[in-house]
file query_31.tsv (TSV, C-alpha atoms)
chain	number	residue	atom	x	y	z
Y	1	MET	CA	158.66	80.93	151.59
Y	2	MET	CA	155.02	81.59	150.99
Y	3	GLN	CA	152.86	79.29	153.08
Y	4	MET	CA	149.48	80.93	153.05
Y	5	THR	CA	146.36	80.22	154.95
Y	6	ALA	CA	144.26	80.92	151.83
Y	7	THR	CA	142.53	77.92	150.35
Y	8	PRO	CA	141.79	77.50	146.62
Y	9	PRO	CA	140.28	78.81	144.52
Y	10	TYR	CA	142.30	82.03	144.49
Y	11	TYR	CA	144.56	83.67	141.91
Y	12	ALA	CA	148.27	83.74	141.14
Y	13	VAL	CA	150.18	86.10	138.86
Y	14	ILE	CA	153.39	84.50	137.61
Y	15	PHE	CA	155.85	87.19	136.50
Y	16	SER	CA	158.93	85.70	134.77
Y	17	SER	CA	161.59	88.20	133.77
Y	18	GLU	CA	165.12	88.86	132.67
Y	19	LEU	CA	166.73	92.11	133.72
Y	20	LEU	CA	169.16	94.03	131.56
Y	21	LYS	CA	172.73	94.29	132.88
Y	22	GLN	CA	172.36	97.95	133.82
Y	23	THR	CA	169.33	98.47	136.08
Y	24	ASP	CA	169.80	101.71	138.01
Y	25	GLY	CA	166.91	102.25	140.40
Y	26	TYR	CA	165.37	98.84	139.83
Y	27	GLU	CA	166.08	97.41	143.27
Y	28	SER	CA	164.75	100.45	145.18
Y	29	THR	CA	161.60	100.63	143.03
Y	30	ALA	CA	160.96	96.91	143.49
Y	31	LEU	CA	161.18	97.41	147.26
Y	32	GLU	CA	158.92	100.47	147.07
Y	33	MET	CA	156.24	98.34	145.39
Y	34	VAL	CA	155.96	95.88	148.28
Y	35	GLU	CA	154.00	98.02	150.75
Y	36	PRO	CA	151.40	99.39	148.30
Y	37	ALA	CA	150.89	95.87	146.92
Y	38	LYS	CA	150.37	94.50	150.43
Y	39	SER	CA	147.87	97.28	151.20
Y	40	GLN	CA	145.86	96.41	148.10
Y	41	ALA	CA	142.48	94.73	148.57
Y	42	GLY	CA	142.65	91.00	147.97
Y	43	PHE	CA	146.42	90.70	148.36
Y	44	LEU	CA	147.27	87.27	149.80
Y	45	GLY	CA	151.03	87.06	149.48
Y	46	MET	CA	154.07	87.25	147.25
Y	47	GLU	CA	157.30	85.35	146.68
Y	48	SER	CA	160.20	86.44	144.56
Y	49	ILE	CA	163.41	84.71	143.47
Y	50	ARG	CA	166.14	86.21	141.33
Y	51	GLU	CA	169.46	84.70	140.26
Y	52	GLU	CA	172.64	86.72	139.86
Y	53	ASN	CA	172.29	86.39	136.07
Y	54	GLY	CA	169.21	88.64	136.19
Y	55	LYS	CA	166.59	85.92	135.64
Y	56	GLY	CA	163.73	85.96	138.10
Y	57	ILE	CA	160.29	84.66	138.94
Y	58	THR	CA	157.89	86.60	141.16
Y	59	VAL	CA	154.52	85.12	142.04
Y	60	SER	CA	151.86	87.24	143.73
Y	61	TYR	CA	148.64	85.77	145.11
Y	62	TRP	CA	145.22	87.42	145.09
Y	63	LYS	CA	141.66	86.71	146.12
Y	64	ASN	CA	140.20	87.43	142.70
Y	65	LEU	CA	140.73	88.87	139.23
Y	66	ALA	CA	139.37	92.31	140.11
Y	67	ASP	CA	142.09	92.72	142.78
Y	68	ILE	CA	144.76	91.92	140.18
Y	69	LYS	CA	143.31	94.46	137.77
Y	70	GLU	CA	143.29	97.16	140.44
Y	71	TRP	CA	146.91	96.54	141.38
Y	72	LYS	CA	147.90	96.57	137.71
Y	73	ALA	CA	146.26	100.02	137.38
Y	74	HIS	CA	147.68	101.46	140.65
Y	75	SER	CA	149.46	104.75	139.90
Y	76	LEU	CA	152.75	103.80	141.58
Y	77	HIS	CA	152.69	100.42	139.90
Y	78	LEU	CA	151.96	101.99	136.49
Y	79	ALA	CA	154.99	104.25	136.88
Y	80	ALA	CA	157.14	101.23	137.80
Y	81	GLN	CA	155.80	99.21	134.85
Y	82	SER	CA	156.68	102.03	132.53
Y	83	LYS	CA	160.24	102.29	133.83
Y	84	GLY	CA	160.48	98.51	133.68
Y	85	LYS	CA	159.85	98.55	129.95
Y	86	SER	CA	162.00	101.58	129.15
Y	87	GLU	CA	164.96	100.83	131.44
Y	88	TRP	CA	165.13	97.52	133.28
Y	89	TYR	CA	163.68	94.48	131.51
Y	90	ASP	CA	165.08	92.64	128.56
Y	91	VAL	CA	162.00	90.47	128.47
Y	92	TYR	CA	159.13	89.44	130.71
Y	93	GLN	CA	156.05	87.27	130.67
Y	94	VAL	CA	152.96	87.63	132.86
Y	95	ARG	CA	150.55	84.76	133.45
Y	96	VAL	CA	147.32	85.18	135.35
Y	97	CYS	CA	146.17	81.88	136.83
Y	98	GLN	CA	143.48	80.44	139.01
Y	99	VAL	CA	144.96	78.25	141.75
Y	100	GLU	CA	142.84	75.10	141.83
Y	101	LYS	CA	144.67	73.08	144.46
Y	102	GLN	CA	147.71	73.15	146.66
Y	103	TYR	CA	149.67	70.91	148.96
Y	104	GLY	CA	152.95	71.18	150.76
Y	105	PHE	CA	155.64	69.62	152.86
Y	106	SER	CA	157.56	70.87	155.83
Y	107	LEU	CA	160.37	69.10	157.61
Y	108	CYS	CA	159.09	70.56	160.90
Y	109	GLY	CA	155.67	69.03	160.30
Y	110	LYS	CA	157.06	65.50	159.88
H	1	MET	CA	162.99	82.54	129.90
H	2	MET	CA	159.86	80.67	129.05
H	3	GLN	CA	158.11	82.24	126.10
H	4	MET	CA	155.75	79.59	124.90
H	5	THR	CA	153.57	79.36	121.89
H	6	ALA	CA	150.78	77.81	123.96
H	7	THR	CA	147.70	79.94	124.41
H	8	PRO	CA	145.47	79.82	127.50
H	9	PRO	CA	143.77	77.94	128.93
H	10	TYR	CA	146.56	75.57	129.97
H	11	TYR	CA	148.00	74.60	133.35
H	12	ALA	CA	150.89	75.71	135.53
H	13	VAL	CA	152.41	73.97	138.54
H	14	ILE	CA	154.14	76.45	140.84
H	15	PHE	CA	156.70	74.67	143.01
H	16	SER	CA	158.15	76.94	145.72
H	17	SER	CA	160.85	75.39	147.87
H	18	GLU	CA	163.66	75.86	150.34
H	19	LEU	CA	166.53	73.41	150.22
H	20	LEU	CA	168.40	72.26	153.32
H	21	LYS	CA	172.06	73.27	153.56
H	22	GLN	CA	173.34	69.78	152.79
H	23	THR	CA	171.79	68.46	149.56
H	24	ASP	CA	174.02	65.70	148.21
H	25	GLY	CA	172.70	64.39	144.93
H	26	TYR	CA	170.01	67.05	144.56
H	27	GLU	CA	171.52	68.87	141.60
H	28	SER	CA	172.13	65.72	139.55
H	29	THR	CA	168.65	64.35	140.28
H	30	ALA	CA	167.05	67.67	139.33
H	31	LEU	CA	168.89	67.53	136.01
H	32	GLU	CA	167.90	63.89	135.51
H	33	MET	CA	164.23	64.88	135.83
H	34	VAL	CA	164.32	67.31	132.90
H	35	GLU	CA	164.34	64.82	130.02
H	36	PRO	CA	161.59	62.50	131.33
H	37	ALA	CA	159.43	65.55	132.11
H	38	LYS	CA	159.94	66.91	128.60
H	39	SER	CA	159.02	63.53	127.11
H	40	GLN	CA	155.78	63.47	129.09
H	41	ALA	CA	152.51	63.96	127.21
H	42	GLY	CA	151.19	67.49	127.54
H	43	PHE	CA	154.48	69.06	128.67
H	44	LEU	CA	154.64	72.67	127.45
H	45	GLY	CA	157.68	74.08	129.21
H	46	MET	CA	159.45	74.76	132.48
H	47	GLU	CA	161.37	77.57	134.14
H	48	SER	CA	163.37	77.36	137.32
H	49	ILE	CA	165.10	79.98	139.46
H	50	ARG	CA	167.09	79.32	142.62
H	51	GLU	CA	169.00	81.75	144.79
H	52	GLU	CA	172.25	80.86	146.56
H	53	ASN	CA	170.36	80.79	149.88
H	54	GLY	CA	168.51	77.68	148.71
H	55	LYS	CA	165.15	79.33	147.98
H	56	GLY	CA	163.67	78.53	144.59
H	57	ILE	CA	160.62	78.67	142.37
H	58	THR	CA	160.08	76.21	139.54
H	59	VAL	CA	157.06	76.54	137.28
H	60	SER	CA	156.15	73.79	134.83
H	61	TYR	CA	153.45	74.19	132.19
H	62	TRP	CA	151.08	71.50	130.97
H	63	LYS	CA	148.19	71.06	128.57
H	64	ASN	CA	145.83	69.66	131.16
H	65	LEU	CA	145.39	68.25	134.66
H	66	ALA	CA	145.70	64.63	133.55
H	67	ASP	CA	149.22	65.33	132.22
H	68	ILE	CA	150.22	66.79	135.59
H	69	LYS	CA	148.85	63.74	137.40
H	70	GLU	CA	150.79	61.38	135.16
H	71	TRP	CA	154.05	63.22	135.67
H	72	LYS	CA	153.45	63.26	139.42
H	73	ALA	CA	153.07	59.46	139.33
H	74	HIS	CA	156.06	58.80	137.00
H	75	SER	CA	158.37	56.22	138.64
H	76	LEU	CA	161.54	58.33	138.32
H	77	HIS	CA	159.70	61.38	139.60
H	78	LEU	CA	158.25	59.43	142.55
H	79	ALA	CA	161.74	58.34	143.57
H	80	ALA	CA	162.95	61.96	143.34
H	81	GLN	CA	159.96	63.22	145.36
H	82	SER	CA	160.71	60.67	148.06
H	83	LYS	CA	164.39	61.71	148.28
H	84	GLY	CA	163.29	65.33	148.24
H	85	LYS	CA	161.28	64.81	151.42
H	86	SER	CA	163.81	62.64	153.22
H	87	GLU	CA	167.01	64.46	152.24
H	88	TRP	CA	166.77	67.77	150.38
H	89	TYR	CA	163.83	70.03	151.21
H	90	ASP	CA	163.24	71.99	154.35
H	91	VAL	CA	159.86	73.03	153.04
H	92	TYR	CA	157.94	73.20	149.78
H	93	GLN	CA	154.57	74.22	148.45
H	94	VAL	CA	152.91	73.02	145.25
H	95	ARG	CA	150.14	74.98	143.55
H	96	VAL	CA	148.26	73.64	140.55
H	97	CYS	CA	146.76	76.46	138.51
H	98	GLN	CA	144.85	77.09	135.34
H	99	VAL	CA	146.49	79.83	133.27
H	100	GLU	CA	143.66	82.10	132.14
H	101	LYS	CA	145.59	84.80	130.32
H	102	GLN	CA	149.11	85.89	129.50
H	103	TYR	CA	150.97	88.81	128.02
H	104	GLY	CA	154.57	89.77	127.69
H	105	PHE	CA	157.20	92.28	126.73
H	106	SER	CA	160.43	91.92	124.84
H	107	LEU	CA	162.97	94.65	124.20
H	108	CYS	CA	163.65	93.07	120.79
H	109	GLY	CA	159.99	93.31	119.89
H	110	LYS	CA	159.83	97.03	120.64

call {"tool": "encode", "arguments": {"input": "query_31.tsv", "output": "structure tokens"}}
result
Amino acid sequence: MMQMTATPPYYAVIFSSELLKQTDGYESTALEMVEPAKSQAGFLGMESIREENGKGITVSYWKNLADIKEWKAHSLHLAAQSKGKSEWYDVYQVRVCQVEKQYGFSLCGK
Amino acid sequence: MMQMTATPPYYAVIFSSELLKQTDGYESTALEMVEPAKSQAGFLGMESIREENGKGITVSYWKNLADIKEWKAHSLHLAAQSKGKSEWYDVYQVRVCQVEKQYGFSLCGK
């Protein structure tokens, strides 16, 4: 799980999606996106959960809005977005948010 | 998936968690929280994804920060939070965010 050292304010992109039943190449492309995203300026972290039914939430964290814009316009990411719309996603929703505060709990820290 | 009619700005609470292996009563309590949350002032929606390995992301959406505070202090929710720490969660992280913009895609809307 994503426990970052970043302190607010920073940004989160909530990507909620439902995959189609047939998604050839989705998994490999999703994996191929991880390294270029991590190399992007302002990248703070990412967490992704997907159920067997194809519903998923991925949240990526960024220093500021300009970083998010740059990643959105990255050539590899653009190609993946395009395939996502034409082949993999039934529906998705993107929300760009400013993280204002955070707190957490860890059993180990008790 | 959560496709809301709300337009930004509004708020999102990103709750990332990892459950312990033994979580008696977790599922039923999680379900019992849905109705009181929905009845809360300012509630806009919720989406929740959990993998079989116990990792999950739940995002709830709210009109404003005061609504989030009230739900956090709701008696039923307080009891659930307490059990969550003592019995169910290995670790969790809460992030309170302001949603600044959103966009989406739907195969049906193509």

call {"tool": "interface_residues", "arguments": {"input": "query_31.tsv", "of": "chain Y", "to": "chain H", "cutoff": "10 Å", "atoms": "only C-alpha atoms", "output": "ChimeraX atom specification"}}
result
/Y:1-4,8-18,20,47-52,55-59,84-110

call {"tool": "write_last_selection", "arguments": {"input": "query_31.tsv", "atoms": "C-alpha atoms", "output": "mmCIF file, in the coordinates of the input"}}
result
data_model
loop_
_atom_site.group_PDB
_atom_site.id
_atom_site.type_symbol
_atom_site.label_atom_id
_atom_site.label_comp_id
_atom_site.auth_asym_id
_atom_site.auth_seq_id
_atom_site.Cartn_x
_atom_site.Cartn_y
_atom_site.Cartn_z
ATOM 1 C CA MET Y 1 158.660 80.930 151.590
ATOM 2 C CA MET Y 2 155.020 81.590 150.990
ATOM 3 C CA GLN Y 3 152.860 79.290 153.080
ATOM 4 C CA MET Y 4 149.480 80.930 153.050
ATOM 5 C CA PRO Y 8 141.790 77.500 146.620
ATOM 6 C CA PRO Y 9 140.280 78.810 144.520
ATOM 7 C CA TYR Y 10 142.300 82.030 144.490
ATOM 8 C CA TYR Y 11 144.560 83.670 141.910
ATOM 9 C CA ALA Y 12 148.270 83.740 141.140
ATOM 10 C CA VAL Y 13 150.180 86.100 138.860
ATOM 11 C CA ILE Y 14 153.390 84.500 137.610
ATOM 12 C CA PHE Y 15 155.850 87.190 136.500
ATOM 13 C CA SER Y 16 158.930 85.700 134.770
ATOM 14 C CA SER Y 17 161.590 88.200 133.770
ATOM 15 C CA GLU Y 18 165.120 88.860 132.670
ATOM 16 C CA LEU Y 20 169.160 94.030 131.560
ATOM 17 C CA GLU Y 47 157.300 85.350 146.680
ATOM 18 C CA SER Y 48 160.200 86.440 144.560
ATOM 19 C CA ILE Y 49 163.410 84.710 143.470
ATOM 20 C CA ARG Y 50 166.140 86.210 141.330
ATOM 21 C CA GLU Y 51 169.460 84.700 140.260
ATOM 22 C CA GLU Y 52 172.640 86.720 139.860
ATOM 23 C CA LYS Y 55 166.590 85.920 135.640
ATOM 24 C CA GLY Y 56 163.730 85.960 138.100
ATOM 25 C CA ILE Y 57 160.290 84.660 138.940
ATOM 26 C CA THR Y 58 157.890 86.600 141.160
ATOM 27 C CA VAL Y 59 154.520 85.120 142.040
ATOM 28 C CA GLY Y 84 160.480 98.510 133.680
ATOM 29 C CA LYS Y 85 159.850 98.550 129.950
ATOM 30 C CA SER Y 86 162.000 101.580 129.150
ATOM 31 C CA GLU Y 87 164.960 100.830 131.440
ATOM 32 C CA TRP Y 88 165.130 97.520 133.280
ATOM 33 C CA TYR Y 89 163.680 94.480 131.510
ATOM 34 C CA ASP Y 90 165.080 92.640 128.560
ATOM 35 C CA VAL Y 91 162.000 90.470 128.470
ATOM 36 C CA TYR Y 92 159.130 89.440 130.710
ATOM 37 C CA GLN Y 93 156.050 87.270 130.670
ATOM 38 C CA VAL Y 94 152.960 87.630 132.860
ATOM 39 C CA ARG Y 95 150.550 84.760 133.450
ATOM 40 C CA VAL Y 96 147.320 85.180 135.350
ATOM 41 C CA CYS Y 97 146.170 81.880 136.830
ATOM 42 C CA GLN Y 98 143.480 80.440 139.010
ATOM 43 C CA VAL Y 99 144.960 78.250 141.750
ATOM 44 C CA GLU Y 100 142.840 75.100 141.830
ATOM 45 C CA LYS Y 101 144.670 73.080 144.460
ATOM 46 C CA GLN Y 102 147.710 73.150 146.660
ATOM 47 C CA TYR Y 103 149.670 70.910 148.960
ATOM 48 C CA GLY Y 104 152.950 71.180 150.760
ATOM 49 C CA PHE Y 105 155.640 69.620 152.860
ATOM 50 C CA SER Y 106 157.560 70.870 155.830
ATOM 51 C CA LEU Y 107 160.370 69.100 157.610
ATOM 52 C CA CYS Y 108 159.090 70.560 160.900
ATOM 53 C CA GLY Y 109 155.670 69.030 160.300
ATOM 54 C CA LYS Y 110 157.060 65.500 159.880
#

call {"tool": "closest_residue", "arguments": {"input": "query_31.tsv", "among": "Y:Leu76, Y:Lys63, Y:Thr7, Y:Lys83", "to": "Glu35 of chain Y", "atoms": "all atoms listed in the file"}}
result
Y:Leu76

call {"tool": "closest_residue", "arguments": {"input": "query_31.tsv", "among": "H:Gln22, H:Trp62, H:Ala80, H:Ile68", "to": "Leu44 of chain H", "atoms": "all atoms listed in the file"}}
result
H:Trp62

call {"tool": "atom_distance", "arguments": {"input": "query_31.tsv", "atom1": "atom CA of His77 of chain H", "atom2": "atom CA of Leu19 of chain H"}}
result
17.4 Å

call {"tool": "atom_distance", "arguments": {"input": "query_31.tsv", "atom1": "atom CA of Ser28 of chain Y", "atom2": "atom CA of Trp71 of chain Y"}}
result
18.7 Å

call {"tool": "atom_distance", "arguments": {"input": "query_31.tsv", "atom1": "atom CA of Thr5 of chain Y", "atom2": "atom CA of Ser60 of chain Y"}}
result
14.3 Å

call {"tool": "axis_aligned_box", "arguments": {"input": "query_31.tsv", "around": "segment 17-26 of chain H", "padding_each_side": "8 Å", "output": "JSON"}}
result
{"center_x": 167.4, "center_y": 70.1, "center_z": 149.1, "size_x": 29.2, "size_y": 27.5, "size_z": 25.0}
